[in-house]
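Report on one structure; see the data block that follows.
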Amino acid sequence: MPRVLVLYYSRTGGTKKMAEAVAEGVKEAGVEVELKDKATPEELAGFDAIVIGTATYNHNMVRGLQSFLEEVALKGIDLKGKIGAAFGSYGWSGEGPRLALEVLKNKFEMDVLEPPLLIKYKPTAEGLKKCKEFGKKVAEKALKG
Ligand SMILES: Cc1cc2nc3c(=O)[nH]c(=O)nc-3n(C[C@H](O)[C@H](O)[C@H](O)COP(=O)(O)O)c2cc1C
């Protein structure tokens with residue numbers, strides 16, 4: 001049974017709400033999921049799919065995520081071939097999830113789901129539905145292996 005991690009970085013709760021719905025979508029597809037707002041680099045090794053949630057601040061991902069990804073690289077944690085995906089709440093430009101996905105793809109050589117899911121500010125009911133569907137897509141990819 002594949003294991004999916006939903007790891008999110010949110011300051012005002014928009015990306016957090018998205019993360020909860022993404023995790024729900026994974027679970028509804030019958031796949032084991034953990035929802036976290038912090039993790040150690042070593043923990044990542046225990047998951048088949050890593051879904052990163054990040055808001056966009058100053059045209060970038062949340063700073064805590066940036067330093068976390070640097071730490072993962074520095075420690076040489078091997079994520080090659082694992083499934084990767086990214087999502088996040090944004091206001092106008094939404095670079096955060098795009099940049100995070102690029103790191104997963106090009107630095108860690110993960111098998112990424114493109115494009116990332118972006119939602120403006122707080123997700124509405126329609127937005128939450130999109131998040132659930134996104135989670136389901138990740139779960140289906142993880143089930144295929
Ligand atoms: C200081 C500040 C800088 C921001 N910079 C950007 C930005 O460069 N691009 C963008 O799309 N949104 C930007 N935003 C909007 C946030 O991404 C938006 O409020 C989002 O919903 C925050 O997500 P969160 O609730 O998960 O923290 C900024 C917001 C603040 C307060």
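For the structure tokens, the naming scheme is as follows: chains receive sequential letters (A, B, ...) according to their order of presentation, residues are indexed from 1 within each chain, and ligands are indexed from 1 in presentation order.
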
Extract, using only C-alpha atoms, all DNA, RNA and protein residues at most 8 Å from Ala23 of chain A, discarding same-chain residues fewer than 5 positions from it, and format them as JSON, numbers by chain. {"A": [6, 33, 34, 35, 132, 135]}

Please find the residues contacting ligand 1 at a distance of at most 6 Å between atoms, with only C-alpha atoms and all ligand atoms counted, and report them as a ChimeraX atom specification. /A:10-16,55-59,89-94,121-122

Do a neighbour search on Ala39 of chain A at 10 Å with only C-alpha atoms, toss out local chain neighbours closer than 2 positions, and write the hits as a ChimeraX atom specification. /A:5,7-8,36-37,41-44,68

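Atom CA of Pro123 of chain A sits 27.3 Å away from atom CA of Met110 of chain A.
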
Excluding Ala29 of chain A and any residue of its chain fewer than 6 positions from it, enumerate the residues within 9 Å of it, using only C-alpha atoms, and give them as a PyMOL selection string. chain A and resi 135-137+139-140

Within 8 Å of Lys80 of chain A, counting only C-alpha atoms, which residues qualify if same-chain residues fewer than 4 places away don't, as a PyMOL selection string? chain A and resi 108-111

Output for the residues just chosen: N, CA and C atoms as a compact mmCIF listing (two decimals), in the first residue's frame:
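Final output, part17.txt:
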# COMPACT_ATOMS: atom_id res chain seq x y z
N PHE A 108 15.60 16.90 -7.23
CA PHE A 108 15.45 15.58 -6.60
C PHE A 108 15.06 14.48 -7.58
N GLU A 109 14.85 14.85 -8.83
CA GLU A 109 14.52 13.88 -9.88
C GLU A 109 13.30 13.03 -9.53
N MET A 110 12.29 13.71 -9.00
CA MET A 110 11.04 13.01 -8.69
C MET A 110 10.17 12.93 -9.94
N ASP A 111 9.21 12.02 -9.88
CA ASP A 111 8.26 11.82 -10.97
C ASP A 111 7.06 12.74 -10.66
